[in-house]
>>> print(open('structure_36.cif').read())   # mmCIF, C-alpha atoms and all ligand atoms
data_entry
#
loop_
_atom_site.group_PDB
_atom_site.id
_atom_site.type_symbol
_atom_site.label_atom_id
_atom_site.label_comp_id
_atom_site.auth_asym_id
_atom_site.auth_seq_id
_atom_site.Cartn_x
_atom_site.Cartn_y
_atom_site.Cartn_z
ATOM 1 C CA MET A 1 74.739 153.334 105.575
ATOM 2 C CA GLU A 2 77.172 150.438 106.021
ATOM 3 C CA ILE A 3 76.275 148.424 109.106
ATOM 4 C CA ALA A 4 77.421 145.334 110.970
ATOM 5 C CA PHE A 5 76.032 142.680 113.301
ATOM 6 C CA TYR A 6 77.894 140.856 116.047
ATOM 7 C CA GLY A 7 76.579 138.277 118.524
ATOM 8 C CA ASP A 8 72.970 139.382 118.935
ATOM 9 C CA LYS A 9 72.851 143.003 117.817
ATOM 10 C CA PHE A 10 73.527 145.479 115.049
ATOM 11 C CA VAL A 11 76.620 147.614 115.606
ATOM 12 C CA ASP A 12 78.456 150.428 113.886
ATOM 13 C CA ILE A 13 80.671 148.930 111.169
ATOM 14 C CA ASN A 14 83.698 150.824 112.510
ATOM 15 C CA GLU A 15 83.134 149.820 116.133
ATOM 16 C CA LYS A 16 85.789 147.503 117.659
ATOM 17 C CA VAL A 17 83.547 144.697 118.895
ATOM 18 C CA ILE A 18 85.446 141.417 118.493
ATOM 19 C CA PRO A 19 86.590 140.096 121.900
ATOM 20 C CA ILE A 20 90.264 139.118 122.225
ATOM 21 C CA GLN A 21 89.281 135.503 122.910
ATOM 22 C CA GLU A 22 87.175 135.109 119.736
ATOM 23 C CA ARG A 23 88.238 131.870 118.045
ATOM 24 C CA GLY A 24 87.741 133.395 114.627
ATOM 25 C CA HIS A 25 90.320 135.980 115.613
ATOM 26 C CA GLN A 26 92.681 133.579 117.393
ATOM 27 C CA PHE A 27 92.508 130.449 115.206
ATOM 28 C CA GLY A 28 90.570 131.419 112.084
ATOM 29 C CA ASP A 29 88.214 128.771 113.514
ATOM 30 C CA GLY A 30 85.079 129.435 111.505
ATOM 31 C CA ILE A 31 83.346 129.723 108.177
ATOM 32 C CA TYR A 32 81.854 132.449 105.996
ATOM 33 C CA GLU A 33 79.655 133.351 103.060
ATOM 34 C CA VAL A 34 79.470 136.330 100.726
ATOM 35 C CA ILE A 35 76.045 137.129 99.287
ATOM 36 C CA ARG A 36 75.220 139.739 96.673
ATOM 37 C CA VAL A 37 72.025 141.772 96.910
ATOM 38 C CA TYR A 38 70.637 143.183 93.653
ATOM 39 C CA ASN A 39 67.975 145.868 93.858
ATOM 40 C CA GLY A 40 67.232 144.997 97.490
ATOM 41 C CA THR A 41 66.895 141.224 96.971
ATOM 42 C CA PRO A 42 69.569 138.723 98.080
ATOM 43 C CA PHE A 43 70.607 136.694 95.021
ATOM 44 C CA LEU A 44 70.683 132.871 95.329
ATOM 45 C CA LEU A 45 70.215 133.220 99.091
ATOM 46 C CA ASN A 46 69.044 129.650 99.744
ATOM 47 C CA GLU A 47 72.040 128.258 97.846
ATOM 48 C CA HIS A 48 74.461 130.352 99.936
ATOM 49 C CA LEU A 49 72.795 129.390 103.215
ATOM 50 C CA GLU A 50 72.830 125.729 102.236
ATOM 51 C CA ARG A 51 76.579 125.951 101.564
ATOM 52 C CA LEU A 52 77.018 127.715 104.914
ATOM 53 C CA GLU A 53 75.302 124.769 106.618
ATOM 54 C CA ASN A 54 77.525 122.331 104.717
ATOM 55 C CA SER A 55 80.698 124.218 105.683
ATOM 56 C CA ALA A 56 79.542 124.234 109.324
ATOM 57 C CA LYS A 57 78.913 120.494 109.243
ATOM 58 C CA ALA A 58 82.330 119.871 107.681
ATOM 59 C CA ILE A 59 84.109 121.563 110.610
ATOM 60 C CA MET A 60 81.686 120.195 113.243
ATOM 61 C CA LEU A 61 80.360 123.644 114.065
ATOM 62 C CA GLN A 62 76.842 124.181 115.291
ATOM 63 C CA LEU A 63 75.234 127.326 113.852
ATOM 64 C CA PRO A 64 74.184 129.864 116.550
ATOM 65 C CA THR A 65 70.785 130.459 114.890
ATOM 66 C CA THR A 66 68.367 128.598 112.677
ATOM 67 C CA ILE A 67 68.431 129.386 108.949
ATOM 68 C CA GLU A 68 65.072 131.137 109.369
ATOM 69 C CA GLU A 69 66.506 133.375 112.112
ATOM 70 C CA LEU A 70 69.510 134.096 109.924
ATOM 71 C CA LYS A 71 67.180 135.162 107.121
ATOM 72 C CA GLN A 72 65.363 137.488 109.533
ATOM 73 C CA ILE A 73 68.634 139.153 110.549
ATOM 74 C CA ILE A 74 69.520 139.526 106.861
ATOM 75 C CA ASN A 75 66.168 141.210 106.182
ATOM 76 C CA GLU A 76 66.576 143.488 109.171
ATOM 77 C CA GLY A 77 70.076 144.428 108.039
ATOM 78 C CA LEU A 78 68.836 145.207 104.548
ATOM 79 C CA GLN A 79 66.156 147.468 106.013
ATOM 80 C CA LYS A 80 68.712 149.293 108.164
ATOM 81 C CA THR A 81 71.126 150.012 105.331
ATOM 82 C CA GLU A 82 69.698 152.325 102.704
ATOM 83 C CA PHE A 83 71.710 150.616 99.946
ATOM 84 C CA THR A 84 69.991 148.386 97.416
ATOM 85 C CA GLU A 85 73.214 147.020 95.846
ATOM 86 C CA VAL A 86 74.728 145.278 98.839
ATOM 87 C CA GLU A 87 77.443 142.762 99.641
ATOM 88 C CA ILE A 88 76.500 140.770 102.732
ATOM 89 C CA TYR A 89 79.347 139.066 104.563
ATOM 90 C CA ILE A 90 78.391 136.365 107.079
ATOM 91 C CA GLN A 91 80.959 134.849 109.418
ATOM 92 C CA ILE A 92 80.385 132.194 112.043
ATOM 93 C CA THR A 93 83.102 131.217 114.483
ATOM 94 C CA ARG A 94 83.432 128.638 117.246
ATOM 95 C CA GLY A 95 82.796 131.330 119.851
ATOM 96 C CA ILE A 96 84.612 133.122 122.634
ATOM 97 C CA ALA A 97 86.705 131.045 125.029
ATOM 98 C CA PRO A 98 90.182 130.974 126.603
ATOM 99 C CA ARG A 99 92.664 130.040 123.900
ATOM 100 C CA ALA A 100 93.051 126.252 123.684
ATOM 101 C CA HIS A 101 92.957 124.124 120.555
ATOM 102 C CA LEU A 102 90.188 121.767 121.716
ATOM 103 C CA PHE A 103 86.606 122.806 120.899
ATOM 104 C CA PRO A 104 85.089 124.948 123.679
ATOM 105 C CA THR A 105 81.588 124.277 125.013
ATOM 106 C CA VAL A 106 80.381 127.829 124.338
ATOM 107 C CA SER A 107 77.939 128.839 121.611
ATOM 108 C CA SER A 108 79.228 129.797 118.171
ATOM 109 C CA GLU A 109 79.209 133.493 117.253
ATOM 110 C CA LEU A 110 77.675 135.246 114.271
ATOM 111 C CA SER A 111 78.996 138.388 112.657
ATOM 112 C CA MET A 112 77.829 140.116 109.521
ATOM 113 C CA THR A 113 78.502 143.216 107.494
ATOM 114 C CA PHE A 114 76.195 144.957 105.030
ATOM 115 C CA LYS A 115 78.269 147.024 102.633
ATOM 116 C CA ASN A 116 77.767 148.842 99.387
ATOM 117 C CA ALA A 117 78.547 146.274 96.662
ATOM 118 C CA ARG A 118 81.826 146.596 94.801
ATOM 119 C CA ILE A 119 81.004 147.052 91.130
ATOM 120 C CA VAL A 120 83.406 145.626 88.552
ATOM 121 C CA ASP A 121 84.826 148.284 86.263
ATOM 122 C CA LYS A 122 82.893 148.424 82.962
ATOM 123 C CA ASP A 123 86.104 148.337 80.955
ATOM 124 C CA LYS A 124 87.279 145.157 82.709
ATOM 125 C CA ARG A 125 83.908 143.505 82.217
ATOM 126 C CA GLU A 126 84.079 144.245 78.486
ATOM 127 C CA LYS A 127 87.775 143.799 77.707
ATOM 128 C CA GLY A 128 88.548 141.100 80.241
ATOM 129 C CA VAL A 129 91.228 140.823 82.887
ATOM 130 C CA THR A 130 94.696 139.334 83.001
ATOM 131 C CA VAL A 131 95.532 136.402 85.271
ATOM 132 C CA THR A 132 98.720 134.690 86.361
ATOM 133 C CA LEU A 133 99.326 131.039 87.219
ATOM 134 C CA MET A 134 100.579 130.143 90.666
ATOM 135 C CA GLU A 135 101.150 127.038 92.760
ATOM 136 C CA ASP A 136 98.052 126.107 94.829
ATOM 137 C CA GLU A 137 99.521 126.050 98.338
ATOM 138 C CA ARG A 138 96.242 125.607 100.206
ATOM 139 C CA TRP A 139 95.120 122.672 102.343
ATOM 140 C CA LYS A 140 93.195 119.667 101.006
ATOM 141 C CA ASN A 141 89.646 120.725 101.941
ATOM 142 C CA CYS A 142 89.090 123.779 99.788
ATOM 143 C CA TYR A 143 85.383 122.924 99.389
ATOM 144 C CA ILE A 144 84.885 124.276 102.919
ATOM 145 C CA LYS A 145 84.387 128.050 102.942
ATOM 146 C CA SER A 146 86.757 128.385 105.880
ATOM 147 C CA LEU A 147 88.062 131.635 107.354
ATOM 148 C CA ASN A 148 91.622 130.448 106.755
ATOM 149 C CA LEU A 149 92.403 132.465 103.649
ATOM 150 C CA LEU A 150 96.107 133.205 104.083
ATOM 151 C CA PRO A 151 97.279 131.315 100.956
ATOM 152 C CA ASN A 152 94.463 132.959 98.966
ATOM 153 C CA VAL A 153 95.408 136.403 100.291
ATOM 154 C CA LEU A 154 99.100 135.879 99.464
ATOM 155 C CA ALA A 155 98.303 134.590 95.963
ATOM 156 C CA LYS A 156 95.951 137.503 95.217
ATOM 157 C CA GLN A 157 98.495 140.020 96.520
ATOM 158 C CA LYS A 158 101.304 138.537 94.415
ATOM 159 C CA ALA A 159 99.064 138.560 91.328
ATOM 160 C CA ALA A 160 98.075 142.195 91.943
ATOM 161 C CA SER A 161 101.678 143.257 92.523
ATOM 162 C CA GLU A 162 102.456 141.889 89.053
ATOM 163 C CA GLY A 163 99.519 143.758 87.529
ATOM 164 C CA HIS A 164 97.042 140.874 87.346
ATOM 165 C CA GLU A 165 93.425 140.709 88.478
ATOM 166 C CA GLU A 166 93.521 137.129 89.708
ATOM 167 C CA ALA A 167 95.866 134.259 90.567
ATOM 168 C CA ILE A 168 94.857 130.974 88.926
ATOM 169 C CA LEU A 169 95.995 128.131 91.138
ATOM 170 C CA VAL A 170 97.728 124.975 89.909
ATOM 171 C CA ARG A 171 97.942 121.746 91.904
ATOM 172 C CA ASP A 172 100.028 118.830 90.571
ATOM 173 C CA GLY A 173 99.958 120.403 87.105
ATOM 174 C CA PHE A 174 96.165 120.771 87.025
ATOM 175 C CA ILE A 175 94.157 123.980 87.333
ATOM 176 C CA THR A 176 92.012 124.137 90.469
ATOM 177 C CA GLU A 177 90.462 127.614 90.692
ATOM 178 C CA GLY A 178 91.248 131.278 91.285
ATOM 179 C CA SER A 179 92.268 132.719 94.664
ATOM 180 C CA SER A 180 88.691 133.974 95.075
ATOM 181 C CA SER A 181 86.899 132.634 92.002
ATOM 182 C CA ASN A 182 86.198 129.554 89.896
ATOM 183 C CA ILE A 183 87.492 129.192 86.348
ATOM 184 C CA PHE A 184 85.878 128.060 83.095
ATOM 185 C CA VAL A 185 87.427 127.575 79.655
ATOM 186 C CA VAL A 186 85.974 127.081 76.181
ATOM 187 C CA LYS A 187 87.699 124.841 73.653
ATOM 188 C CA GLU A 188 86.233 124.049 70.243
ATOM 189 C CA GLY A 189 82.721 125.007 71.351
ATOM 190 C CA THR A 190 82.684 123.013 74.592
ATOM 191 C CA LEU A 191 82.633 124.678 77.988
ATOM 192 C CA TYR A 192 84.824 123.090 80.684
ATOM 193 C CA THR A 193 85.332 123.650 84.390
ATOM 194 C CA THR A 194 87.249 121.864 87.126
ATOM 195 C CA PRO A 195 85.141 119.113 88.775
ATOM 196 C CA ALA A 196 83.522 119.980 92.109
ATOM 197 C CA SER A 197 85.922 117.879 94.193
ATOM 198 C CA ILE A 198 87.260 118.702 97.664
ATOM 199 C CA GLN A 199 90.050 120.683 95.929
ATOM 200 C CA ILE A 200 87.845 123.649 95.012
ATOM 201 C CA LEU A 201 85.088 125.772 96.461
ATOM 202 C CA HIS A 202 81.780 124.732 94.896
ATOM 203 C CA GLY A 203 80.942 128.216 93.736
ATOM 204 C CA ILE A 204 77.334 129.343 93.704
ATOM 205 C CA THR A 205 78.051 131.424 90.593
ATOM 206 C CA ARG A 206 79.770 128.379 89.035
ATOM 207 C CA ALA A 207 76.625 126.285 89.583
ATOM 208 C CA ALA A 208 74.409 129.047 88.141
ATOM 209 C CA VAL A 209 76.621 129.266 85.020
ATOM 210 C CA ILE A 210 76.511 125.476 84.527
ATOM 211 C CA LYS A 211 72.711 125.617 84.732
ATOM 212 C CA LEU A 212 72.636 128.414 82.141
ATOM 213 C CA ALA A 213 74.965 126.513 79.806
ATOM 214 C CA ASN A 214 72.676 123.484 80.002
ATOM 215 C CA LYS A 215 69.615 125.622 79.385
ATOM 216 C CA MET A 216 71.248 127.173 76.335
ATOM 217 C CA ASN A 217 72.477 123.837 74.987
ATOM 218 C CA ILE A 218 76.128 124.841 75.214
ATOM 219 C CA PRO A 219 78.120 121.591 75.348
ATOM 220 C CA PHE A 220 79.532 121.330 78.865
ATOM 221 C CA GLU A 221 81.878 119.035 80.724
ATOM 222 C CA GLU A 222 83.378 118.999 84.214
ATOM 223 C CA MET A 223 86.975 117.993 83.536
ATOM 224 C CA LYS A 224 90.383 118.274 85.143
ATOM 225 C CA PHE A 225 92.564 120.300 82.782
ATOM 226 C CA ASP A 226 96.239 121.185 82.869
ATOM 227 C CA VAL A 227 98.237 124.337 82.235
ATOM 228 C CA SER A 228 98.761 123.696 78.510
ATOM 229 C CA PHE A 229 95.026 123.033 77.968
ATOM 230 C CA LEU A 230 94.262 126.344 79.662
ATOM 231 C CA LYS A 231 96.841 128.242 77.633
ATOM 232 C CA GLN A 232 95.505 126.782 74.376
ATOM 233 C CA CYS A 233 91.840 127.520 75.087
ATOM 234 C CA ASP A 234 89.635 129.684 72.854
ATOM 235 C CA GLU A 235 87.899 131.558 75.689
ATOM 236 C CA ALA A 236 88.221 131.679 79.470
ATOM 237 C CA PHE A 237 86.488 133.392 82.362
ATOM 238 C CA ILE A 238 86.301 133.490 86.126
ATOM 239 C CA THR A 239 83.148 133.469 88.242
ATOM 240 C CA SER A 240 82.304 134.608 91.753
ATOM 241 C CA THR A 241 79.606 136.363 93.719
ATOM 242 C CA SER A 242 81.439 139.663 93.372
ATOM 243 C CA VAL A 243 82.738 139.466 89.776
ATOM 244 C CA GLU A 244 79.838 137.401 88.287
ATOM 245 C CA VAL A 245 81.111 136.237 84.847
ATOM 246 C CA LEU A 246 84.382 138.016 84.079
ATOM 247 C CA PRO A 247 86.306 137.323 80.828
ATOM 248 C CA ILE A 248 90.034 136.575 80.907
ATOM 249 C CA SER A 249 92.039 138.447 78.274
ATOM 250 C CA LYS A 250 95.525 137.133 79.050
ATOM 251 C CA ILE A 251 97.038 134.207 80.965
ATOM 252 C CA ASP A 252 100.615 135.180 81.851
ATOM 253 C CA GLU A 253 102.247 135.711 78.429
ATOM 254 C CA VAL A 254 99.392 134.141 76.423
ATOM 255 C CA GLU A 255 96.924 136.597 74.920
ATOM 256 C CA LEU A 256 93.408 135.241 74.289
ATOM 257 C CA SER A 257 91.233 136.311 71.376
ATOM 258 C CA ALA A 258 88.911 139.284 71.968
ATOM 259 C CA ASP A 259 86.251 137.325 70.103
ATOM 260 C CA ARG A 260 84.407 135.530 72.914
ATOM 261 C CA PRO A 261 80.981 134.343 71.773
ATOM 262 C CA ILE A 262 80.302 131.914 74.640
ATOM 263 C CA VAL A 263 81.620 134.150 77.433
ATOM 264 C CA ASP A 264 79.643 137.100 76.086
ATOM 265 C CA THR A 265 76.446 135.040 75.931
ATOM 266 C CA LEU A 266 76.870 133.677 79.459
ATOM 267 C CA LYS A 267 77.749 137.130 80.804
ATOM 268 C CA VAL A 268 74.482 138.599 79.521
ATOM 269 C CA GLU A 269 72.372 135.571 80.465
ATOM 270 C CA PHE A 270 73.804 135.666 83.984
ATOM 271 C CA GLN A 271 72.855 139.334 84.380
ATOM 272 C CA ASN A 272 69.353 138.473 83.195
ATOM 273 C CA LEU A 273 68.990 136.164 86.213
ATOM 274 C CA TYR A 274 68.787 139.141 88.574
ATOM 275 C CA LEU A 275 67.666 142.035 86.375
HETATM 276 N N1 LIG A 301 84.940 134.176 97.064
HETATM 277 N N2 LIG A 301 86.662 129.939 94.853
HETATM 278 C C1 LIG A 301 87.137 130.617 95.901
HETATM 279 C C2 LIG A 301 88.432 130.212 96.499
HETATM 280 C C3 LIG A 301 86.396 131.713 96.431
HETATM 281 O O1 LIG A 301 86.859 132.392 97.495
HETATM 282 C C4 LIG A 301 85.166 132.088 95.806
HETATM 283 C C5 LIG A 301 84.327 133.213 96.320
HETATM 284 C C6 LIG A 301 84.728 131.342 94.695
HETATM 285 C C7 LIG A 301 83.427 131.655 93.999
HETATM 286 O O2 LIG A 301 82.323 131.276 94.791
HETATM 287 P P1 LIG A 301 80.913 131.978 94.670
HETATM 288 O O3 LIG A 301 80.531 131.940 93.232
HETATM 289 O O4 LIG A 301 80.012 131.140 95.513
HETATM 290 O O5 LIG A 301 81.086 133.367 95.161
HETATM 291 C C8 LIG A 301 85.495 130.265 94.261
HETATM 292 C C9 LIG A 301 84.146 135.173 97.736
HETATM 293 C C10 LIG A 301 83.363 136.046 96.813
HETATM 294 C C11 LIG A 301 85.045 135.955 98.680
HETATM 295 O O6 LIG A 301 85.798 135.307 99.387
HETATM 296 O O7 LIG A 301 84.975 137.177 98.724
#
>>> encode(input="structure_36.cif", output="structure tokens")
Amino acid sequence: MEIAFYGDKFVDINEKVIPIQERGHQFGDGIYEVIRVYNGTPFLLNEHLERLENSAKAIMLQLPTTIEELKQIINEGLQKTEFTEVEIYIQITRGIAPRAHLFPTVSSELSMTFKNARIVDKDKREKGVTVTLMEDERWKNCYIKSLNLLPNVLAKQKAASEGHEEAILVRDGFITEGSSSNIFVVKEGTLYTTPASIQILHGITRAAVIKLANKMNIPFEEMKFDVSFLKQCDEAFITSTSVEVLPISKIDEVELSADRPIVDTLKVEFQNLYL
């Protein structure tokens, strides 16, 4: 059963529970996390909760519960839903107050959903997906997992309308990340990804892949790279909580080779982390 949580209780996922004066609803004033549950166990939970705390700090938001309490609600939610492959969505907003830009004095509000995880199509996971390059029109603090996702939504929609899986964003000629993923490329045996600056979300999957690459002695470098470097790469892939390690087969008009030794290795090694 898909279920939700709002404020201090579990609710039906289809129930209309968000008050009109919710700041998440009125200003997008809040933060979120997406956590994948494999076989009943939340994957990289501490890492996600640590990032949630960091996002909260960055927007001067006080969490409504302790991390321990949050973990208890997560466990309770997992018991209530009968699914074992779950996508947990956590959202924390600056609370419910008459609409005014200044911070209210009320407590922040927690909402969560526990849904059956979306599984990436087997064919896509094997053959890869196509991506399209697009201008990165977001604000400067993309390391914060903020609720303000309008530029990401518009980029993803435009990419999909042109038949692509993901929009790869470009700022000042350099690749930042995908609209809802990080990007890696392989060139002459070395694995590269955009540095974890304020311009990108510091993906939990990204960090796990970097750790794996180090463990497997795959040469790795965090490096800013431009559009032509990307288009001339040997292999490329995107990472996120929902897509894990997903190969890229084509970047706009540029077709990549179907021979992807490093992506294939990392894909399998990543799955081994939760199997
Ligand atoms: N998106 N970059 C952006 C802009 C993202 O929105 C995401 C995740 C990532 C990958 O982060 P992680 O590996 O921690 O999931 C990178 C989530 C899944 C979402 O918004 O649904």
>>> closest_residue(input="structure_36.cif", among="A:Glu2, A:Glu177, A:Glu162, A:Asp123", to="A:Phe225", atoms="only C-alpha atoms")
A:Glu177
>>> residues_around(input="structure_36.cif", residues="stretch 241-257 of chain A", least_positions_apart="6", cutoff="8 Å", atoms="only C-alpha atoms", output="VMD selection string")
chain A and resid 34 to 36 117 to 120 124 to 133 204 to 205 231 233 to 235 263 266 to 267 270
>>> atom_distance(input="structure_36.cif", atom1="atom CA of A:Cys142", atom2="atom CA of A:Asp172")
15.1 Å
>>> residues_around(input="structure_36.cif", residues="A:Met1", least_positions_apart="4", cutoff="7 Å", atoms="all atoms listed in the file", output="list in words")
Thr81, Glu82 and Phe83 of chain A
>>> closest_atom_pairs(input="structure_36.cif", of="chain A", to="ligand LIG 301 (chain A)", cutoff="9 Å", atoms="all atoms listed in the file", output="CSV")
residue,atom,partner,partner_atom,distance
A:Tyr32,CA,A:LIG301,O6,8.2
A:Glu33,CA,A:LIG301,C9,7.2
A:Val34,CA,A:LIG301,C10,5.5
A:Ile35,CA,A:LIG301,O5,7.5
A:Arg36,CA,A:LIG301,O5,8.8
A:Glu47,CA,A:LIG301,O4,8.8
A:His48,CA,A:LIG301,O4,7.1
A:Arg51,CA,A:LIG301,O4,8.7
A:Tyr89,CA,A:LIG301,O7,8.3
A:Cys142,CA,A:LIG301,C2,7.3
A:Tyr143,CA,A:LIG301,C2,8.4
A:Lys145,CA,A:LIG301,O1,7.4
A:Leu149,CA,A:LIG301,O1,8.3
A:Asn152,CA,A:LIG301,C2,7.1
A:Glu177,CA,A:LIG301,N2,6.1
A:Gly178,CA,A:LIG301,N2,6.0
A:Ser179,CA,A:LIG301,C2,4.9
A:Ser180,CA,A:LIG301,O1,3.4
A:Ser181,CA,A:LIG301,C8,3.6
A:Asn182,CA,A:LIG301,C8,4.5
A:Ile183,CA,A:LIG301,C8,8.2
A:Ile200,CA,A:LIG301,N2,6.4
A:Leu201,CA,A:LIG301,N2,4.7
A:His202,CA,A:LIG301,O2,6.6
A:Gly203,CA,A:LIG301,O2,3.5
A:Ile204,CA,A:LIG301,O4,3.7
A:Thr205,CA,A:LIG301,O3,3.7
A:Arg206,CA,A:LIG301,O3,5.6
A:Ala207,CA,A:LIG301,O3,7.8
A:Ala208,CA,A:LIG301,O3,8.5
A:Ile238,CA,A:LIG301,C7,8.6
A:Thr239,CA,A:LIG301,O3,5.8
A:Ser240,CA,A:LIG301,O3,3.5
A:Thr241,CA,A:LIG301,O5,3.6
A:Ser242,CA,A:LIG301,C10,5.4
A:Val243,CA,A:LIG301,C10,7.8
A:Glu244,CA,A:LIG301,O3,7.4
>>> atom_distance(input="structure_36.cif", atom1="atom CA of A:Met134", atom2="atom CA of A:Val153")
12.6 Å
>>> decode(input="structure_36.cif", residues="stretch 39-51 of chain A", atoms="N, CA and C atoms", output="PDB file, in the first residue's frame")
ATOM      1  N   ASN A  39      14.779  -4.323  -0.801  1.00  0.00           N
ATOM      2  CA  ASN A  39      14.446  -5.483   0.026  1.00  0.00           C
ATOM      3  C   ASN A  39      14.172  -5.085   1.488  1.00  0.00           C
ATOM      4  N   GLY A  40      13.449  -3.998   1.656  1.00  0.00           N
ATOM      5  CA  GLY A  40      13.020  -3.569   2.993  1.00  0.00           C
ATOM      6  C   GLY A  40      14.012  -2.693   3.751  1.00  0.00           C
ATOM      7  N   THR A  41      15.225  -2.522   3.200  1.00  0.00           N
ATOM      8  CA  THR A  41      16.244  -1.732   3.916  1.00  0.00           C
ATOM      9  C   THR A  41      16.568  -0.439   3.178  1.00  0.00           C
ATOM     10  N   PRO A  42      16.430   0.712   3.854  1.00  0.00           N
ATOM     11  CA  PRO A  42      16.798   1.986   3.205  1.00  0.00           C
ATOM     12  C   PRO A  42      18.283   1.993   2.864  1.00  0.00           C
ATOM     13  N   PHE A  43      18.593   2.359   1.622  1.00  0.00           N
ATOM     14  CA  PHE A  43      19.969   2.313   1.111  1.00  0.00           C
ATOM     15  C   PHE A  43      20.643   3.669   1.348  1.00  0.00           C
ATOM     16  N   LEU A  44      21.836   3.639   1.955  1.00  0.00           N
ATOM     17  CA  LEU A  44      22.620   4.850   2.231  1.00  0.00           C
ATOM     18  C   LEU A  44      21.795   5.892   3.009  1.00  0.00           C
ATOM     19  N   LEU A  45      21.051   5.391   3.977  1.00  0.00           N
ATOM     20  CA  LEU A  45      20.136   6.252   4.751  1.00  0.00           C
ATOM     21  C   LEU A  45      20.875   7.370   5.491  1.00  0.00           C
ATOM     22  N   ASN A  46      21.970   7.014   6.187  1.00  0.00           N
ATOM     23  CA  ASN A  46      22.677   8.048   6.954  1.00  0.00           C
ATOM     24  C   ASN A  46      23.202   9.162   6.049  1.00  0.00           C
ATOM     25  N   GLU A  47      23.673   8.773   4.858  1.00  0.00           N
ATOM     26  CA  GLU A  47      24.190   9.766   3.910  1.00  0.00           C
ATOM     27  C   GLU A  47      23.074  10.729   3.484  1.00  0.00           C
ATOM     28  N   HIS A  48      21.879  10.170   3.201  1.00  0.00           N
ATOM     29  CA  HIS A  48      20.757  11.019   2.788  1.00  0.00           C
ATOM     30  C   HIS A  48      20.321  11.949   3.928  1.00  0.00           C
ATOM     31  N   LEU A  49      20.299  11.416   5.148  1.00  0.00           N
ATOM     32  CA  LEU A  49      19.835  12.247   6.266  1.00  0.00           C
ATOM     33  C   LEU A  49      20.858  13.329   6.601  1.00  0.00           C
ATOM     34  N   GLU A  50      22.127  13.005   6.372  1.00  0.00           N
ATOM     35  CA  GLU A  50      23.173  14.010   6.601  1.00  0.00           C
ATOM     36  C   GLU A  50      23.028  15.149   5.579  1.00  0.00           C
ATOM     37  N   ARG A  51      22.732  14.779   4.320  1.00  0.00           N
ATOM     38  CA  ARG A  51      22.541  15.820   3.303  1.00  0.00           C
ATOM     39  C   ARG A  51      21.292  16.649   3.615  1.00  0.00           C
TER      40      ARG A  51
END
